[in-house]
Amino acid sequence: MKILTTPRLERCIGCHSCSLACARLVHQRLSWDMAGIRIASSGGLSTGFEARTCLACTQAPCAAACPTGAYSQRRGGGVIVRKNICIRCGECARACPVDAIYLDPTGDPFVCLHCGKCVPYCPHDCLEMKEVGGGGPAAKAEAAEVAA
Amino acid sequence: MIRDYFRVLVVDLATGKGKVANVPGRDEVAGGSGLGALLFTKYGKADRPWDDPEQPVIFAIGPLTGYFPLMSKTVAAFKSPYHDQYAESHAGGRSALALRFADLDGLVLTGRAPRPVAVVVGSRHLELKEVHYLWGLDVQESGKLLRRMFKGSGHRSILRIGPAGENKSAMAGINVDTYRHFGRLGGGAALGAKNVKAVVIIGDGSFPLMEGKDYPKLFEAVYRKLTATDMMQKYHNLGTPANVAILNEQKALPWRNLQATTDPNVHGITGERFAETALLRNAACAGCPVGCIHIGFSRERFHADYRYFYRQVSYDHEPIFATGSMLGVSDCFAVLDIIDVVEQMGLDVMSAGVALAWATEALEKGIVTENETLLPLKFGDHNTYEMAVRHLAYGANDFYRLLAQGTLRAAAHHGGADFACVLGQEMAGYATGEVFFTSQALGLRHSHLDSAGYSYDQTHRDKDVGQAVDFLISDEASRAFLTSMVACLFARGVYNEELLAECLQSVGYGALADNIGAVSGNIQKLRWQTRLTTGFNPAGVSIPKRFTEVTTRKGKVDGEFLTALKDAYAQCIRELAPRKDHP
């Protein structure tokens, strides 16, 4: 099972190609919000960029908070979302401690599926799909260490 | 959003109210440059001065903005304080994508706010926030506060002016997201005259894409093409500063107010020197994977102990030319120090550098004295130039106030017009020869990017007036179409007419795709008509004597050839767009 990691985000130039690719290829949208990875400057452009994306928790708070079962735990980390049974309550986004879930104005949630479609669009190789056993932040940190 | 009209938000700054106007004309003028001229025709007052409250300041994007890579620029259109005529200036940053996601093809500001304001727009948002407490603050300070005051970090664009714009300097630019600028022709003063300190564009909308695989497939192909070509390498690696050494070698880099075109001291300010010693990192405009923005640093020791602060300063060929070679400054950190002050003040760097170069020579020649310059301006003395930049932005005395309206204005009063390096506005950093001098002096934006005159000089040694002018006119038309999309001109080698047609077709602009040639002509004509209607007389343009004293790779500039080119180009412009009075 693979998860999306951001081991080299210090290299990010803020082009938003990853977000735009996710919206375009996964969600068929033109958007930099409706995407599983979103880029923001970390306190102004002079301090670089950060990515808002799912850390692939193995005990995902968003899945626990979902009242309808639209969110379920993904093996290896992260969540599987079934939008047809989502009631747009927004509990998932409120439960996520790292602001990885975007709610559109109708409450529709957008979260990383760990599919990796954004990865080839990063011109600085900031992103990487990593094989993880148990998944979760610990495994992600380990994966990042290996990459470095 | 794909639509066969333009969705334009028109904000009346006097009342604080806005209205959405659906403006027809998509298939005739496309967007960007074409839309800017169209909206000026609709909302502008050709016969009134630039600072009349009714004059609009216009921001426009194009049909491909956000849909394809490097479609990442915004066109600003306004009546310029520099020449009191129609003007365009272009910038990137996040401005273009933020407008796209605010669901606006154009934003028009009219009227004058009673007190300083920040205009905040988004896909579901319009607000005029009073910001009297920001008035007087420099570009960096106001940027920091604006970031704290408004939401949308990462997905918004913050445009703001500095003291130069507040003081209505004709050399005031509009800073975009810290590292980019609507630099030229005084857009900062156009906002300052309206009491607009900042425009915050929140890109908080999203749109469904076309069904099917055609669009993502074409996007993929374009993306690969753009990132695989050596263009990526050229603009990302050393970036535009690679030109500094090349132009110096070719005797085409203006030094010390264009008293020379090459100098052995260039090694201190080459792209290589900047990259090796001062480059911190690259950054990109939103929607562009190239990352051409080069950010260096300026640090200052403020205590006898080793106590420093530092600022991050973006650099390019033009700022290096303007604050480096043109001022005789040949150390990269000294250049970054001057650029940093220019940034804080919200001045256009090319105009400021070239104006101070003239002031330095004027002082050397005794045409002005230190009573006027307040400082012993001297080529190479960067500390003095840092202070002079502040004098220029604040209008410290009559001399600086006049100089800030344009070097030729100051020269008209004091003398020294012969060595004023002005080609429609203060020159850009290419002393390649007669064709470039003509193209900037007569180009619609008076920009080195209006057409590739510099490139023509570099590749043609003949003196065929007709051929050169035909090239300028046809190159301008194709660039006008690109800047109506609105593409970054760095991508011009990839986005040829055929590819643009495919891109337009794939997102649903079939009529535009089928008529690129005719639409380019429409846009070119409309822009010139707008410029001419506001008073431009191409036949009246004169090129100062200094440009004929220059020696380039082609040898000494041929004054007769230059005059013939200028006259022929002026005639073509006249024929292209006969003056039409506004309704």
# chains A, B, ... in the order shown; residues from 1 in each chain; ligands from 1
$ select_by_dssp --residues "stretch 35-263 of chain B" --states "strand (DSSP E)" --output "ChimeraX atom specification"
/B:57-60,74-79,86-91,106-110,117-122,125-130,156-160,174-176,180-182,196-202,207-208
$ write_last_selection --atoms "N, CA and C atoms" --output "compact mmCIF listing (two decimals), in the first residue's frame"
# COMPACT_ATOMS: atom_id res chain seq x y z
N VAL B 57 -9.23 51.85 -13.57
CA VAL B 57 -8.04 50.99 -13.53
C VAL B 57 -8.58 49.58 -13.74
N ILE B 58 -8.04 48.91 -14.75
CA ILE B 58 -8.61 47.65 -15.23
C ILE B 58 -7.63 46.51 -15.03
N PHE B 59 -8.10 45.38 -14.58
CA PHE B 59 -7.28 44.17 -14.53
C PHE B 59 -8.02 43.10 -15.34
N ALA B 60 -7.31 42.45 -16.25
CA ALA B 60 -7.99 41.49 -17.13
C ALA B 60 -7.17 40.21 -17.32
N THR B 74 -1.58 38.67 -15.78
CA THR B 74 -2.72 39.59 -15.77
C THR B 74 -2.31 40.87 -16.48
N VAL B 75 -3.25 41.44 -17.21
CA VAL B 75 -3.01 42.73 -17.87
C VAL B 75 -3.67 43.83 -17.04
N ALA B 76 -2.90 44.86 -16.71
CA ALA B 76 -3.48 46.06 -16.10
C ALA B 76 -3.57 47.13 -17.19
N ALA B 77 -4.69 47.81 -17.26
CA ALA B 77 -4.87 48.87 -18.26
C ALA B 77 -5.40 50.11 -17.54
N PHE B 78 -4.86 51.26 -17.92
CA PHE B 78 -5.22 52.51 -17.23
C PHE B 78 -4.73 53.69 -18.06
N LYS B 79 -5.16 54.87 -17.71
CA LYS B 79 -4.58 56.06 -18.35
C LYS B 79 -3.36 56.44 -17.53
N TYR B 86 -3.46 56.11 -22.89
CA TYR B 86 -3.79 54.71 -22.55
C TYR B 86 -2.50 53.90 -22.37
N ALA B 87 -2.50 53.03 -21.36
CA ALA B 87 -1.31 52.23 -21.10
C ALA B 87 -1.69 50.84 -20.62
N GLU B 88 -0.77 49.91 -20.87
CA GLU B 88 -0.91 48.54 -20.39
C GLU B 88 0.35 48.17 -19.62
N SER B 89 0.18 47.37 -18.59
CA SER B 89 1.33 46.83 -17.87
C SER B 89 0.95 45.41 -17.45
N HIS B 90 1.90 44.48 -17.43
CA HIS B 90 1.57 43.07 -17.19
C HIS B 90 2.28 42.55 -15.94
N ALA B 91 1.64 41.64 -15.23
CA ALA B 91 2.29 41.02 -14.07
C ALA B 91 1.73 39.62 -13.86
N GLY B 106 -12.56 40.21 -15.73
CA GLY B 106 -12.02 41.55 -15.57
C GLY B 106 -12.49 42.18 -14.27
N LEU B 107 -11.65 43.08 -13.75
CA LEU B 107 -12.02 43.87 -12.57
C LEU B 107 -11.76 45.33 -12.94
N VAL B 108 -12.77 46.14 -12.77
CA VAL B 108 -12.64 47.56 -13.14
C VAL B 108 -12.90 48.41 -11.90
N LEU B 109 -11.94 49.27 -11.58
CA LEU B 109 -12.12 50.18 -10.46
C LEU B 109 -12.35 51.58 -11.01
N THR B 110 -13.47 52.16 -10.65
CA THR B 110 -13.76 53.54 -11.09
C THR B 110 -14.04 54.41 -9.86
N VAL B 117 -8.37 52.86 0.95
CA VAL B 117 -9.08 51.59 1.08
C VAL B 117 -8.25 50.43 0.53
N ALA B 118 -8.61 49.24 1.01
CA ALA B 118 -8.21 48.00 0.34
C ALA B 118 -9.47 47.45 -0.30
N VAL B 119 -9.38 47.14 -1.59
CA VAL B 119 -10.52 46.56 -2.30
C VAL B 119 -10.34 45.04 -2.23
N VAL B 120 -11.35 44.35 -1.71
CA VAL B 120 -11.24 42.91 -1.55
C VAL B 120 -12.32 42.24 -2.38
N VAL B 121 -11.91 41.39 -3.32
CA VAL B 121 -12.90 40.70 -4.15
C VAL B 121 -12.64 39.19 -4.12
N GLY B 122 -13.69 38.44 -4.28
CA GLY B 122 -13.60 36.99 -4.37
C GLY B 122 -14.80 36.48 -5.12
N HIS B 125 -17.50 37.58 -2.77
CA HIS B 125 -17.04 38.60 -1.83
C HIS B 125 -16.75 39.93 -2.53
N LEU B 126 -17.24 41.00 -1.97
CA LEU B 126 -16.81 42.34 -2.38
C LEU B 126 -16.84 43.23 -1.15
N GLU B 127 -15.71 43.85 -0.88
CA GLU B 127 -15.61 44.67 0.33
C GLU B 127 -14.60 45.78 0.08
N LEU B 128 -14.94 46.98 0.54
CA LEU B 128 -13.95 48.04 0.57
C LEU B 128 -13.64 48.30 2.02
N LYS B 129 -12.41 47.97 2.41
CA LYS B 129 -12.07 48.15 3.82
C LYS B 129 -11.21 49.40 3.97
N GLU B 130 -11.63 50.25 4.85
CA GLU B 130 -10.84 51.46 5.06
C GLU B 130 -9.51 51.11 5.72
N ARG B 156 -4.72 33.55 -2.79
CA ARG B 156 -5.15 34.94 -3.00
C ARG B 156 -3.96 35.71 -3.56
N SER B 157 -4.26 36.86 -4.08
CA SER B 157 -3.21 37.73 -4.60
C SER B 157 -3.36 39.08 -3.91
N ILE B 158 -2.22 39.63 -3.46
CA ILE B 158 -2.28 40.92 -2.78
C ILE B 158 -1.49 41.94 -3.59
N LEU B 159 -2.23 42.87 -4.19
CA LEU B 159 -1.62 43.96 -4.95
C LEU B 159 -1.56 45.16 -4.02
N ARG B 160 -0.44 45.85 -3.98
CA ARG B 160 -0.39 47.05 -3.15
C ARG B 160 0.60 48.06 -3.70
N ILE B 174 2.80 48.80 -9.26
CA ILE B 174 1.91 48.09 -8.35
C ILE B 174 2.61 46.78 -8.01
N ASN B 175 2.90 46.57 -6.73
CA ASN B 175 3.55 45.33 -6.33
C ASN B 175 2.52 44.21 -6.27
N VAL B 176 2.90 43.05 -6.80
CA VAL B 176 2.01 41.88 -6.80
C VAL B 176 2.68 40.75 -6.04
N ARG B 180 6.52 40.21 -7.80
CA ARG B 180 6.16 40.56 -9.18
C ARG B 180 5.55 41.96 -9.20
N HIS B 181 5.44 42.52 -10.39
CA HIS B 181 5.02 43.92 -10.46
C HIS B 181 4.27 44.25 -11.75
N PHE B 182 3.23 45.09 -11.63
CA PHE B 182 2.78 45.89 -12.77
C PHE B 182 3.68 47.12 -12.68
N VAL B 196 -6.57 53.96 -3.45
CA VAL B 196 -6.55 52.50 -3.28
C VAL B 196 -5.14 52.08 -2.89
N LYS B 197 -4.99 51.64 -1.66
CA LYS B 197 -3.68 51.17 -1.19
C LYS B 197 -3.44 49.74 -1.65
N ALA B 198 -4.51 48.96 -1.71
CA ALA B 198 -4.32 47.54 -2.02
C ALA B 198 -5.56 46.96 -2.68
N VAL B 199 -5.31 45.93 -3.48
CA VAL B 199 -6.40 45.13 -4.04
C VAL B 199 -6.10 43.69 -3.66
N VAL B 200 -7.02 43.08 -2.94
CA VAL B 200 -6.84 41.69 -2.51
C VAL B 200 -7.83 40.84 -3.30
N ILE B 201 -7.29 39.89 -4.04
CA ILE B 201 -8.15 39.04 -4.88
C ILE B 201 -8.13 37.64 -4.29
N ILE B 202 -9.29 37.21 -3.83
CA ILE B 202 -9.38 35.90 -3.19
C ILE B 202 -9.90 34.89 -4.21
N PHE B 207 -14.45 25.36 -10.80
CA PHE B 207 -15.34 25.15 -11.94
C PHE B 207 -15.26 23.71 -12.43
N PRO B 208 -16.40 23.20 -12.91
CA PRO B 208 -16.34 21.86 -13.53
C PRO B 208 -15.57 21.93 -14.83
$ residues_around --residues "B:Val349" --least-positions-apart "3" --cutoff "7 Å" --atoms "only C-alpha atoms" --output "list in words"
Pro319, Ala322, Val342, Ala352 and Gly353 of chain B
$ closest_residue --among "B:Lys566, B:Arg301, B:Arg281, B:Arg256" --to "B:Leu327" --atoms "only C-alpha atoms"
B:Arg256
$ residues_around --residues "B:Ala491" --least-positions-apart "3" --cutoff "12 Å" --atoms "only C-alpha atoms" --output "VMD selection string"
chain B and resid 68 to 73 222 to 223 225 to 227 229 to 232 234 to 235 288 to 290 292 479 482 to 483 485 to 488 494 to 496 499 to 500
$ residues_around --residues "B:Tyr430" --least-positions-apart "4" --cutoff "9 Å" --atoms "only C-alpha atoms" --output "ChimeraX atom specification"
/B:247,252-254,321,436-437,448,454
$ write_last_selection --atoms "C-alpha atoms" --output "mmCIF file, in the first residue's frame"
data_model
loop_
_atom_site.group_PDB
_atom_site.id
_atom_site.type_symbol
_atom_site.label_atom_id
_atom_site.label_comp_id
_atom_site.auth_asym_id
_atom_site.auth_seq_id
_atom_site.Cartn_x
_atom_site.Cartn_y
_atom_site.Cartn_z
ATOM 1 C CA LEU B 247 24.666 41.494 -23.708
ATOM 2 C CA ALA B 252 24.548 45.782 -25.835
ATOM 3 C CA LEU B 253 24.450 46.332 -22.062
ATOM 4 C CA PRO B 254 23.846 49.975 -21.130
ATOM 5 C CA PHE B 321 20.679 46.538 -15.599
ATOM 6 C CA PHE B 436 15.166 47.803 -30.615
ATOM 7 C CA PHE B 437 15.378 51.556 -30.035
ATOM 8 C CA HIS B 448 11.112 45.569 -24.548
ATOM 9 C CA TYR B 454 16.379 43.312 -29.738
#
$ interface_residues --of "chain B" --to "chain A" --cutoff "8 Å" --atoms "only C-alpha atoms" --output "PDB file with C-alpha atoms, in the first residue's frame"
ATOM      1  CA  GLY B  66      -5.503  28.692 -15.348  1.00  0.00           C
ATOM      2  CA  TYR B  67      -6.492  26.132 -17.958  1.00  0.00           C
ATOM      3  CA  PHE B 101     -10.951  31.553  -9.260  1.00  0.00           C
ATOM      4  CA  LYS B 144       2.651  41.901   6.074  1.00  0.00           C
ATOM      5  CA  ARG B 147      -1.711  39.180   4.874  1.00  0.00           C
ATOM      6  CA  SER B 153      -3.480  32.413   2.349  1.00  0.00           C
ATOM      7  CA  GLY B 154      -1.949  30.699  -0.654  1.00  0.00           C
ATOM      8  CA  HIS B 155      -4.980  31.177  -2.853  1.00  0.00           C
ATOM      9  CA  ASP B 177       2.586  39.203  -4.158  1.00  0.00           C
ATOM     10  CA  THR B 178       5.963  40.629  -3.081  1.00  0.00           C
ATOM     11  CA  ASP B 204     -12.045  30.887  -3.765  1.00  0.00           C
ATOM     12  CA  GLY B 205     -14.140  29.543  -6.661  1.00  0.00           C
ATOM     13  CA  SER B 206     -13.881  26.315  -8.642  1.00  0.00           C
ATOM     14  CA  PHE B 207     -15.342  25.145 -11.941  1.00  0.00           C
ATOM     15  CA  PRO B 208     -16.343  21.864 -13.525  1.00  0.00           C
ATOM     16  CA  LEU B 209     -14.117  20.832 -16.420  1.00  0.00           C
ATOM     17  CA  MET B 210     -15.133  19.663 -19.849  1.00  0.00           C
ATOM     18  CA  GLU B 211     -16.144  16.021 -20.028  1.00  0.00           C
ATOM     19  CA  PRO B 216      -6.442  16.535 -19.744  1.00  0.00           C
ATOM     20  CA  THR B 227       8.945  21.515 -18.937  1.00  0.00           C
ATOM     21  CA  ASN B 282      13.388  30.132  -6.907  1.00  0.00           C
ATOM     22  CA  ALA B 283       9.690  30.828  -6.856  1.00  0.00           C
ATOM     23  CA  ALA B 284       6.920  30.642  -9.431  1.00  0.00           C
ATOM     24  CA  CYS B 285       3.798  32.388 -10.542  1.00  0.00           C
ATOM     25  CA  ALA B 286       0.719  30.301  -9.782  1.00  0.00           C
ATOM     26  CA  GLY B 287       0.071  27.960 -12.688  1.00  0.00           C
ATOM     27  CA  CYS B 288       3.646  27.965 -13.991  1.00  0.00           C
ATOM     28  CA  PRO B 289       6.054  25.110 -13.265  1.00  0.00           C
ATOM     29  CA  VAL B 290       9.055  27.010 -14.636  1.00  0.00           C
ATOM     30  CA  GLY B 291       9.820  28.967 -11.493  1.00  0.00           C
ATOM     31  CA  GLN B 312      14.705  38.508   0.399  1.00  0.00           C
TER      32      GLN B 312
END
$ select_by_dssp --residues "stretch 75-243 of chain B" --states "alpha helix (DSSP H)" --output "PyMOL selection string"
chain B and resi 95-101+139-149+163-166+187-192+214-228+230-236+242-243
$ residues_around --residues "B:Ile246" --least-positions-apart "6" --cutoff "12 Å" --atoms "only C-alpha atoms" --output "PyMOL selection string"
chain B and resi 240+252-253+261-263+266-267+269-272+317+429-432+458+553
$ residues_around --residues "A:Thr68" --least-positions-apart "4" --cutoff "8 Å" --atoms "only C-alpha atoms" --output "PyMOL selection string"
chain A and resi 85-87
$ closest_residue --among "B:Lys42, B:His83, B:Lys251, B:Lys217" --to "B:Gly406" --atoms "only C-alpha atoms"
B:His83
$ decode --residues "stretch 26-136 of chain A" --atoms "C-alpha atoms" --output "mmCIF file, in the first residue's frame"
data_model
loop_
_atom_site.group_PDB
_atom_site.id
_atom_site.type_symbol
_atom_site.label_atom_id
_atom_site.label_comp_id
_atom_site.auth_asym_id
_atom_site.auth_seq_id
_atom_site.Cartn_x
_atom_site.Cartn_y
_atom_site.Cartn_z
ATOM 1 C CA VAL A 26 -9.194 13.188 -9.964
ATOM 2 C CA HIS A 27 -12.101 15.546 -9.530
ATOM 3 C CA GLN A 28 -12.592 16.929 -13.089
ATOM 4 C CA ARG A 29 -12.479 20.474 -11.799
ATOM 5 C CA LEU A 30 -10.501 23.603 -12.521
ATOM 6 C CA SER A 31 -9.526 24.452 -8.973
ATOM 7 C CA TRP A 32 -6.691 24.851 -6.494
ATOM 8 C CA ASP A 33 -9.062 24.088 -3.593
ATOM 9 C CA MET A 34 -10.966 20.988 -4.716
ATOM 10 C CA ALA A 35 -7.869 18.890 -4.395
ATOM 11 C CA GLY A 36 -6.263 16.456 -1.982
ATOM 12 C CA ILE A 37 -3.143 18.617 -1.798
ATOM 13 C CA ARG A 38 -3.246 22.368 -1.426
ATOM 14 C CA ILE A 39 -0.336 24.779 -1.264
ATOM 15 C CA ALA A 40 -0.161 27.811 0.978
ATOM 16 C CA SER A 41 2.634 30.190 1.792
ATOM 17 C CA SER A 42 3.811 29.668 5.330
ATOM 18 C CA GLY A 43 3.443 33.215 6.625
ATOM 19 C CA GLY A 44 4.043 35.199 3.460
ATOM 20 C CA LEU A 45 5.851 34.331 0.271
ATOM 21 C CA SER A 46 9.244 35.165 1.760
ATOM 22 C CA THR A 47 9.085 32.175 4.092
ATOM 23 C CA GLY A 48 8.365 29.443 1.547
ATOM 24 C CA PHE A 49 5.446 27.088 1.182
ATOM 25 C CA GLU A 50 3.619 24.325 2.984
ATOM 26 C CA ALA A 51 1.338 21.600 1.694
ATOM 27 C CA ARG A 52 -2.030 20.828 3.213
ATOM 28 C CA THR A 53 -2.447 17.141 2.584
ATOM 29 C CA CYS A 54 -3.496 13.957 4.329
ATOM 30 C CA LEU A 55 -0.814 12.473 6.601
ATOM 31 C CA ALA A 56 -2.247 8.979 6.116
ATOM 32 C CA CYS A 57 -3.245 8.348 9.719
ATOM 33 C CA THR A 58 -3.827 4.718 10.623
ATOM 34 C CA GLN A 59 -6.509 5.747 13.097
ATOM 35 C CA ALA A 60 -7.961 8.593 11.119
ATOM 36 C CA PRO A 61 -9.863 11.144 13.235
ATOM 37 C CA CYS A 62 -11.876 12.158 10.176
ATOM 38 C CA ALA A 63 -13.148 8.587 9.726
ATOM 39 C CA ALA A 64 -14.004 8.378 13.406
ATOM 40 C CA ALA A 65 -15.906 11.663 13.221
ATOM 41 C CA CYS A 66 -17.919 10.776 10.116
ATOM 42 C CA PRO A 67 -21.511 10.090 11.271
ATOM 43 C CA THR A 68 -22.646 8.172 8.178
ATOM 44 C CA GLY A 69 -19.724 5.922 7.424
ATOM 45 C CA ALA A 70 -18.876 7.798 4.241
ATOM 46 C CA TYR A 71 -15.309 7.895 5.549
ATOM 47 C CA SER A 72 -13.654 4.597 6.351
ATOM 48 C CA GLN A 73 -10.122 3.691 7.319
ATOM 49 C CA ARG A 74 -7.855 2.878 4.392
ATOM 50 C CA ARG A 75 -5.425 -0.001 4.797
ATOM 51 C CA GLY A 76 -1.930 1.398 5.189
ATOM 52 C CA GLY A 77 -3.202 4.836 6.217
ATOM 53 C CA GLY A 78 -5.577 7.520 5.038
ATOM 54 C CA VAL A 79 -9.247 7.166 4.256
ATOM 55 C CA ILE A 80 -11.613 5.909 1.618
ATOM 56 C CA VAL A 81 -14.494 8.299 0.954
ATOM 57 C CA ARG A 82 -17.845 7.230 -0.481
ATOM 58 C CA LYS A 83 -19.410 10.492 -1.524
ATOM 59 C CA ASN A 84 -22.790 8.915 -2.331
ATOM 60 C CA ILE A 85 -23.471 8.449 1.366
ATOM 61 C CA CYS A 86 -21.861 11.728 2.527
ATOM 62 C CA ILE A 87 -24.358 14.200 4.007
ATOM 63 C CA ARG A 88 -22.009 17.229 3.705
ATOM 64 C CA CYS A 89 -21.965 17.812 7.467
ATOM 65 C CA GLY A 90 -18.290 18.830 7.521
ATOM 66 C CA GLU A 91 -17.405 16.826 10.643
ATOM 67 C CA CYS A 92 -14.458 15.244 8.789
ATOM 68 C CA ALA A 93 -12.851 18.602 8.107
ATOM 69 C CA ARG A 94 -13.392 19.769 11.663
ATOM 70 C CA ALA A 95 -11.852 16.561 13.014
ATOM 71 C CA CYS A 96 -8.703 16.744 10.897
ATOM 72 C CA PRO A 97 -5.953 18.230 13.078
ATOM 73 C CA VAL A 98 -3.836 19.363 10.108
ATOM 74 C CA ASP A 99 -6.511 20.980 7.928
ATOM 75 C CA ALA A 100 -6.086 18.405 5.172
ATOM 76 C CA ILE A 101 -9.751 18.342 4.124
ATOM 77 C CA TYR A 102 -11.282 21.083 2.029
ATOM 78 C CA LEU A 103 -15.034 21.666 2.120
ATOM 79 C CA ASP A 104 -16.474 23.394 -0.910
ATOM 80 C CA PRO A 105 -19.267 25.946 -0.387
ATOM 81 C CA THR A 106 -21.851 23.124 -0.441
ATOM 82 C CA GLY A 107 -19.943 21.165 2.197
ATOM 83 C CA ASP A 108 -18.582 18.596 -0.248
ATOM 84 C CA PRO A 109 -15.291 17.274 1.215
ATOM 85 C CA PHE A 110 -12.043 16.903 -0.749
ATOM 86 C CA VAL A 111 -9.256 14.816 0.732
ATOM 87 C CA CYS A 112 -6.191 13.039 -0.651
ATOM 88 C CA LEU A 113 -6.873 9.537 -1.974
ATOM 89 C CA HIS A 114 -3.162 8.707 -2.086
ATOM 90 C CA CYS A 115 -3.455 7.904 -5.790
ATOM 91 C CA GLY A 116 -0.245 9.738 -6.748
ATOM 92 C CA LYS A 117 -1.594 11.521 -9.823
ATOM 93 C CA CYS A 118 -0.155 14.832 -8.619
ATOM 94 C CA VAL A 119 3.396 13.503 -8.225
ATOM 95 C CA PRO A 120 4.651 13.770 -11.842
ATOM 96 C CA TYR A 121 3.453 17.378 -12.090
ATOM 97 C CA CYS A 122 5.802 18.677 -9.398
ATOM 98 C CA PRO A 123 8.711 20.319 -11.223
ATOM 99 C CA HIS A 124 10.978 20.081 -8.171
ATOM 100 C CA ASP A 125 10.296 16.492 -7.184
ATOM 101 C CA CYS A 126 8.877 17.530 -3.803
ATOM 102 C CA LEU A 127 6.354 14.693 -3.720
ATOM 103 C CA GLU A 128 6.814 10.962 -3.578
ATOM 104 C CA MET A 129 4.660 7.869 -3.303
ATOM 105 C CA LYS A 130 6.023 5.640 -0.552
ATOM 106 C CA GLU A 131 5.337 2.030 0.196
ATOM 107 C CA VAL A 132 4.326 1.804 3.843
ATOM 108 C CA GLY A 133 3.573 -1.196 5.947
ATOM 109 C CA GLY A 134 1.480 0.143 8.773
ATOM 110 C CA GLY A 135 1.164 3.660 7.351
ATOM 111 C CA GLY A 136 0.578 6.666 9.545
#
